[in-house]
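Pasting my_file.txt here (compact mmCIF, C-alpha atoms):
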```txt
# COMPACT_ATOMS: atom_id res chain seq x y z
CA MET I 1 -15.38 0.69 -53.82
CA ASN I 2 -11.78 0.32 -52.62
CA ASP I 3 -11.18 3.91 -51.57
CA LYS I 4 -11.24 4.86 -47.93
CA ILE I 5 -14.55 6.49 -47.04
CA ALA I 6 -14.85 9.90 -45.39
CA ILE I 7 -17.91 11.80 -44.25
CA VAL I 8 -17.68 15.57 -43.90
CA THR I 9 -20.62 17.61 -42.61
CA GLY I 10 -21.21 21.25 -43.46
CA THR I 11 -19.40 21.44 -46.80
CA THR I 12 -20.96 24.45 -48.52
CA SER I 13 -18.04 26.68 -47.50
CA GLY I 14 -15.09 27.14 -45.16
CA PHE I 15 -13.30 24.23 -43.54
CA GLY I 16 -15.88 21.69 -44.70
CA LEU I 17 -15.59 22.52 -48.39
CA ILE I 18 -11.79 22.70 -48.44
CA THR I 19 -11.40 19.56 -46.32
CA SER I 20 -13.66 17.59 -48.67
CA ILE I 21 -11.48 18.58 -51.63
CA GLU I 22 -8.26 17.83 -49.75
CA LEU I 23 -9.43 14.37 -48.71
CA ALA I 24 -10.60 13.61 -52.25
CA ARG I 25 -7.16 14.63 -53.55
CA LYS I 26 -5.67 12.16 -51.05
CA GLY I 27 -7.72 9.36 -52.58
CA TYR I 28 -10.73 9.23 -50.25
CA THR I 29 -14.27 8.90 -51.48
CA VAL I 30 -16.00 11.73 -49.65
CA PHE I 31 -19.65 11.94 -48.66
CA ALA I 32 -19.89 15.73 -48.49
CA THR I 33 -23.09 16.81 -46.77
CA VAL I 34 -24.98 20.04 -47.28
CA ARG I 35 -28.11 21.29 -45.60
CA ASN I 36 -29.44 22.73 -48.85
CA SER I 37 -28.58 21.10 -52.18
CA SER I 38 -28.81 24.45 -53.97
CA LYS I 39 -25.74 25.61 -52.06
CA SER I 40 -23.41 22.86 -53.27
CA ALA I 41 -22.30 24.71 -56.43
CA ASP I 42 -19.03 26.03 -54.95
CA LEU I 43 -18.05 22.56 -53.73
CA ILE I 44 -18.76 20.96 -57.10
CA GLN I 45 -16.86 23.72 -58.90
CA GLU I 46 -13.80 23.22 -56.67
CA ALA I 47 -13.99 19.46 -57.16
CA ARG I 48 -13.94 19.93 -60.95
CA LYS I 49 -11.06 22.38 -60.66
CA TYR I 50 -8.92 19.73 -58.98
CA GLY I 51 -10.21 16.82 -61.04
CA VAL I 52 -11.80 15.02 -58.08
CA GLU I 53 -15.48 15.40 -58.91
CA SER I 54 -15.88 11.61 -59.14
CA LYS I 55 -14.60 11.28 -55.57
CA ILE I 56 -17.19 13.68 -54.09
CA ILE I 57 -20.68 12.40 -53.30
CA VAL I 58 -22.90 15.31 -52.30
CA HIS I 59 -25.76 14.39 -49.99
CA VAL I 60 -28.37 16.54 -48.26
CA LEU I 61 -28.12 16.30 -44.48
CA ASP I 62 -29.69 18.43 -41.78
CA VAL I 63 -27.81 17.50 -38.61
CA THR I 64 -30.72 18.76 -36.49
CA ASP I 65 -33.26 16.45 -38.16
CA GLU I 66 -33.46 12.80 -37.08
CA LYS I 67 -35.11 11.59 -40.29
CA SER I 68 -32.50 13.34 -42.41
CA ILE I 69 -29.74 11.63 -40.44
CA GLN I 70 -31.42 8.23 -40.77
CA THR I 71 -31.77 8.68 -44.54
CA PHE I 72 -28.12 9.61 -44.85
CA GLN I 73 -27.01 6.75 -42.61
CA SER I 74 -28.93 4.25 -44.77
CA ARG I 75 -27.40 5.67 -47.96
CA VAL I 76 -23.84 5.29 -46.66
CA ILE I 77 -24.40 1.79 -45.30
CA GLU I 78 -26.12 0.60 -48.49
CA ASP I 79 -23.61 2.19 -50.88
CA VAL I 80 -20.28 1.51 -49.17
CA GLY I 81 -20.92 -0.30 -45.89
CA ARG I 82 -18.17 1.39 -43.90
CA VAL I 83 -16.79 4.70 -42.67
CA ASP I 84 -13.09 5.32 -42.18
CA VAL I 85 -13.24 8.99 -41.20
CA LEU I 86 -16.12 11.08 -39.84
CA ILE I 87 -15.52 14.83 -39.70
CA ASN I 88 -18.10 16.76 -37.70
CA ASN I 89 -17.76 20.26 -39.11
CA ALA I 90 -21.32 21.58 -39.52
CA GLY I 91 -21.96 24.56 -37.29
CA PHE I 92 -22.48 28.29 -37.00
CA ALA I 93 -21.47 31.03 -34.56
CA GLY I 94 -23.87 32.94 -32.36
CA ALA I 95 -22.93 36.24 -30.75
CA GLY I 96 -24.39 38.71 -28.26
CA PHE I 97 -24.45 39.32 -24.54
CA VAL I 98 -26.09 36.76 -22.26
CA GLU I 99 -28.78 39.12 -20.94
CA GLU I 100 -30.00 39.77 -24.49
CA ILE I 101 -29.87 36.26 -25.91
CA SER I 102 -33.12 34.30 -25.74
CA MET I 103 -33.20 30.71 -24.59
CA GLU I 104 -34.58 29.83 -28.03
CA GLU I 105 -31.42 31.23 -29.61
CA TYR I 106 -29.21 29.27 -27.23
CA ARG I 107 -31.12 26.09 -28.05
CA LYS I 108 -30.79 26.75 -31.77
CA GLN I 109 -27.02 27.09 -31.36
CA PHE I 110 -26.78 23.84 -29.41
CA GLU I 111 -29.09 21.93 -31.77
CA THR I 112 -26.56 22.35 -34.58
CA ASN I 113 -23.17 22.67 -32.90
CA VAL I 114 -23.70 20.14 -30.12
CA PHE I 115 -26.69 17.84 -30.55
CA GLY I 116 -26.09 17.67 -34.30
CA VAL I 117 -22.58 16.35 -33.65
CA PHE I 118 -23.91 13.87 -31.10
CA ALA I 119 -26.62 12.59 -33.44
CA VAL I 120 -24.46 12.15 -36.55
CA THR I 121 -21.72 10.45 -34.55
CA LYS I 122 -24.18 8.08 -32.88
CA ALA I 123 -25.56 7.13 -36.30
CA PHE I 124 -22.18 5.76 -37.38
CA LEU I 125 -20.66 4.56 -34.10
CA PRO I 126 -22.06 1.00 -34.37
CA LEU I 127 -20.56 0.61 -37.85
CA MET I 128 -17.16 1.98 -36.82
CA ARG I 129 -17.11 -0.11 -33.64
CA LYS I 130 -17.84 -3.29 -35.59
CA GLN I 131 -15.11 -2.38 -38.09
CA GLY I 132 -12.64 -2.12 -35.23
CA GLN I 133 -11.13 1.00 -36.74
CA GLY I 134 -11.87 4.54 -37.82
CA CYS I 135 -11.34 8.15 -36.84
CA ILE I 136 -13.88 10.72 -35.66
CA ILE I 137 -12.60 14.29 -36.02
CA ASN I 138 -14.63 16.99 -34.29
CA ILE I 139 -14.04 20.57 -35.37
CA SER I 140 -13.84 22.54 -32.15
CA SER I 141 -12.14 25.92 -31.79
CA ILE I 142 -9.83 27.88 -29.55
CA SER I 143 -13.21 29.03 -28.22
CA GLY I 144 -13.59 25.56 -26.76
CA LYS I 145 -10.61 26.25 -24.51
CA VAL I 146 -10.54 30.04 -24.12
CA ALA I 147 -13.73 32.04 -23.50
CA PHE I 148 -14.43 35.54 -24.78
CA PRO I 149 -17.17 38.06 -23.97
CA GLY I 150 -20.07 38.55 -26.36
CA LEU I 151 -19.83 35.12 -27.96
CA SER I 152 -21.32 32.88 -25.29
CA PRO I 153 -23.61 30.73 -27.50
CA TYR I 154 -20.74 29.65 -29.75
CA ILE I 155 -18.20 29.35 -26.94
CA ALA I 156 -20.53 27.29 -24.75
CA SER I 157 -21.21 24.92 -27.67
CA LYS I 158 -17.50 24.37 -28.30
CA HIS I 159 -16.77 23.80 -24.60
CA ALA I 160 -19.48 21.14 -24.67
CA ILE I 161 -17.91 19.42 -27.67
CA GLU I 162 -14.52 19.40 -25.92
CA GLY I 163 -15.79 17.52 -22.86
CA TRP I 164 -18.00 15.17 -24.86
CA SER I 165 -15.13 14.27 -27.18
CA GLU I 166 -12.92 13.36 -24.23
CA SER I 167 -15.56 10.94 -22.95
CA LEU I 168 -16.14 9.47 -26.40
CA ARG I 169 -12.43 8.95 -26.98
CA LEU I 170 -12.13 6.97 -23.74
CA GLU I 171 -15.22 4.93 -24.62
CA MET I 172 -14.05 4.04 -28.12
CA GLN I 173 -10.37 3.41 -27.38
CA PRO I 174 -10.85 -0.34 -26.68
CA PHE I 175 -12.65 -0.71 -30.04
CA GLY I 176 -9.92 0.83 -32.19
CA VAL I 177 -11.89 3.99 -33.02
CA LYS I 178 -9.98 7.22 -32.49
CA VAL I 179 -11.59 10.53 -31.49
CA VAL I 180 -9.77 13.79 -32.21
CA LEU I 181 -10.39 17.49 -31.62
CA ILE I 182 -9.18 20.18 -34.02
CA GLU I 183 -8.95 23.56 -32.29
CA PRO I 184 -8.50 26.29 -34.93
CA GLY I 185 -7.89 29.92 -34.13
CA SER I 186 -8.94 32.69 -36.51
CA TYR I 187 -9.14 31.69 -40.17
CA LYS I 188 -10.61 33.25 -43.29
CA THR I 189 -13.93 31.44 -43.29
CA ASN I 190 -17.41 32.97 -43.38
CA ILE I 191 -18.54 31.76 -39.95
CA TRP I 192 -18.77 35.35 -38.68
CA SER I 193 -20.35 36.78 -41.82
CA PRO I 194 -23.70 38.65 -41.64
CA GLY I 195 -26.64 36.34 -41.11
CA LYS I 196 -24.51 33.66 -39.44
CA GLN I 197 -24.81 35.07 -35.95
CA VAL I 198 -27.66 34.11 -33.63
CA ALA I 199 -28.03 37.39 -31.74
CA VAL I 200 -27.47 40.95 -32.85
CA GLU I 201 -29.40 42.77 -30.12
CA SER I 202 -26.16 43.89 -28.50
CA MET I 203 -25.34 46.04 -31.55
CA LYS I 204 -28.60 48.02 -31.34
CA SER I 205 -28.49 51.64 -30.14
CA TYR I 206 -30.78 50.90 -27.19
CA SER I 207 -28.59 48.08 -25.87
CA PRO I 208 -26.61 48.80 -22.68
CA TYR I 209 -23.91 46.57 -24.20
CA GLN I 210 -23.55 48.42 -27.50
CA ASP I 211 -20.21 50.09 -26.68
CA TYR I 212 -18.83 46.84 -25.32
CA MET I 213 -19.92 44.90 -28.39
CA GLN I 214 -18.44 47.51 -30.70
CA SER I 215 -15.13 47.15 -28.87
CA ILE I 216 -15.25 43.40 -29.46
CA GLU I 217 -16.07 43.90 -33.16
CA ARG I 218 -13.19 46.36 -33.53
CA TYR I 219 -10.80 43.96 -31.82
CA ILE I 220 -11.82 41.10 -34.13
CA GLY I 221 -11.75 43.38 -37.17
CA HIS I 222 -8.25 44.68 -36.46
CA GLY I 223 -6.92 41.14 -36.57
CA GLU I 224 -8.59 40.07 -39.83
CA ASP I 225 -5.50 40.67 -41.95
CA SER I 226 -3.64 38.07 -39.90
CA PHE I 227 -6.36 35.40 -40.15
CA GLY I 228 -4.97 32.14 -41.48
CA ASP I 229 -5.61 30.29 -44.71
CA PRO I 230 -8.25 27.56 -44.02
CA LEU I 231 -6.31 25.24 -46.32
CA GLU I 232 -3.85 24.87 -43.43
CA VAL I 233 -6.60 23.34 -41.31
CA ALA I 234 -7.82 21.12 -44.16
CA LYS I 235 -4.32 19.74 -44.70
CA LYS I 236 -3.99 19.04 -40.97
CA ILE I 237 -7.31 17.19 -40.97
CA ALA I 238 -6.23 15.07 -43.95
CA GLU I 239 -2.94 14.34 -42.20
CA ILE I 240 -4.68 13.28 -38.99
CA ALA I 241 -7.14 11.10 -40.91
CA GLY I 242 -4.21 9.00 -42.09
CA LYS I 243 -2.53 8.63 -38.68
CA LYS I 244 -2.61 5.31 -36.87
CA ASN I 245 -2.50 6.86 -33.41
CA PRO I 246 -3.54 10.54 -33.55
CA LYS I 247 -3.38 12.75 -30.49
CA MET I 248 -6.50 13.90 -28.68
CA ARG I 249 -6.11 17.59 -29.53
CA TYR I 250 -4.59 19.62 -32.35
CA PRO I 251 -4.58 23.37 -31.65
CA ILE I 252 -3.78 25.19 -34.88
CA GLY I 253 -3.41 28.80 -35.95
CA ARG I 254 -1.54 31.94 -35.02
CA GLY I 255 -1.20 32.38 -31.26
CA VAL I 256 -3.54 29.50 -30.40
CA LYS I 257 -1.10 27.36 -28.42
CA ALA I 258 0.26 30.40 -26.57
CA SER I 259 -3.23 31.62 -25.64
CA ILE I 260 -4.29 28.23 -24.30
CA LEU I 261 -1.05 27.88 -22.34
CA LEU I 262 -1.29 31.37 -20.81
CA LYS I 263 -4.93 30.92 -19.87
CA ASN I 264 -4.06 27.69 -18.06
CA LEU I 265 -1.00 29.11 -16.29
CA LEU I 266 -2.02 32.63 -15.30
CA PRO I 267 -4.19 33.43 -12.27
CA TRP I 268 -7.71 34.24 -13.42
CA ARG I 269 -7.58 37.84 -12.15
CA LEU I 270 -4.54 38.53 -14.29
CA TRP I 271 -5.99 36.73 -17.30
CA GLU I 272 -9.25 38.72 -17.24
CA LYS I 273 -7.34 41.95 -16.80
CA ILE I 274 -5.36 41.20 -19.97
CA ILE I 275 -8.52 40.37 -21.97
CA ILE I 276 -10.44 43.47 -20.86
CA SER I 277 -7.46 45.77 -21.45
CA LYS I 278 -7.03 44.42 -25.00
CA LEU I 279 -10.68 45.05 -25.80
CA PHE I 280 -10.73 48.62 -24.59
CA GLU I 281 -7.26 49.78 -25.52
CA LYS I 282 -7.25 52.84 -27.78
```
Give the structure from this file in structure tokens form.
Amino acid sequence: MNDKIAIVTGTTSGFGLITSIELARKGYTVFATVRNSSKSADLIQEARKYGVESKIIVHVLDVTDEKSIQTFQSRVIEDVGRVDVLINNAGFAGAGFVEEISMEEYRKQFETNVFGVFAVTKAFLPLMRKQGQGCIINISSISGKVAFPGLSPYIASKHAIEGWSESLRLEMQPFGVKVVLIEPGSYKTNIWSPGKQVAVESMKSYSPYQDYMQSIERYIGHGEDSFGDPLEVAKKIAEIAGKKNPKMRYPIGRGVKASILLKNLLPWRLWEKIIISKLFEK
């Protein structure tokens, strides 16, 4: 197999699905992983639509299960023996207020969004190090740089990925392996769709946070029409995958760079005043 090899986790929808197709169209052979094989129909349909079905290898992978990772690792090593690009995309978003989120729910969020990324990356680091080249692209979020109330499980997980990726980039630099963070803003994916969130207690009538949570939902809902096309992110990922010396971070999306800049420049008291006023403005 002479194609470059890419691994993309979490490809049943959203960034993962579109990125797999975009990389295949660029000539990569893509190991597209799904947690449940029955949910790969949309990916296969899109691959056929663009004539790249032969470039997509669908494989079941649960990033929270060590045996599943080992099985997948063995398959990749036996079939192709190398990895040029690893894209850690699998994840979900948990919401709710800290007081009402159980520790079990926090752990569930971190098992996928954080420890899953660690485990999959560790499975392929020896191979990439020995190759002396490769690119690891971790899908973070503006939430990894800018916090927001009511979304602490997701935001904490993305902050963790930010710091870990910095350490990994410094560790792998001498071995020719690049580590990159993509920091998308709001895009039209299904990460916030019903059933994706960890905690919903804060929306219940008996919750002391109900009004606050409704304000957050309204704020997010009012901006939905301006959410970006996820293809923009997929194209950026494919572009970065082909770069010899990619940057550490790529913030992308409407208002993302400005928000990160303002948060870093403004005094915290002013920053929090702006956030709270936006949430509760009529």
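Counting only C-alpha atoms, the residue from I:Gly255, I:Glu99, I:Thr9, I:Gln109 that sits nearest to Pro208 of chain I is I:Glu99.
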Can you write out as a Markdown table which residues of segment 153-204 of chain I fall within 10 Å of segment 235-243 of chain I, alongside each residue's closest atom pair and its distance in Å to one decimal, counting only C-alpha atoms and ordering rows by chain and ascending residue number?
```
| residue | atom | partner | partner_atom | distance |
| --- | --- | --- | --- | --- |
| I:Lys178 | CA | I:Ala241 | CA | 9.7 |
| I:Val180 | CA | I:Ile240 | CA | 8.5 |
| I:Leu181 | CA | I:Ile237 | CA | 9.8 |
| I:Ile182 | CA | I:Ile237 | CA | 7.8 |
```
Exercise for the section: Within 8 Å of Asn36 of chain I, counting all atoms listed in the file, which residues show up once you throw out same-chain ones fewer than 4 positions away? Write them as number ranges by chain, please. Expected result: I: 40, 60-61
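Shortest atom-to-atom contact with Ser226 of chain I among I:Thr112, I:Val83, I:Asn88, I:Gly185: I:Gly185, counting only C-alpha atoms.
Distance check against Ser74 of chain I using all atoms listed in the file: of I:Phe92, I:Leu127, I:Asn113, I:Lys204, the minimum falls on I:Leu127.
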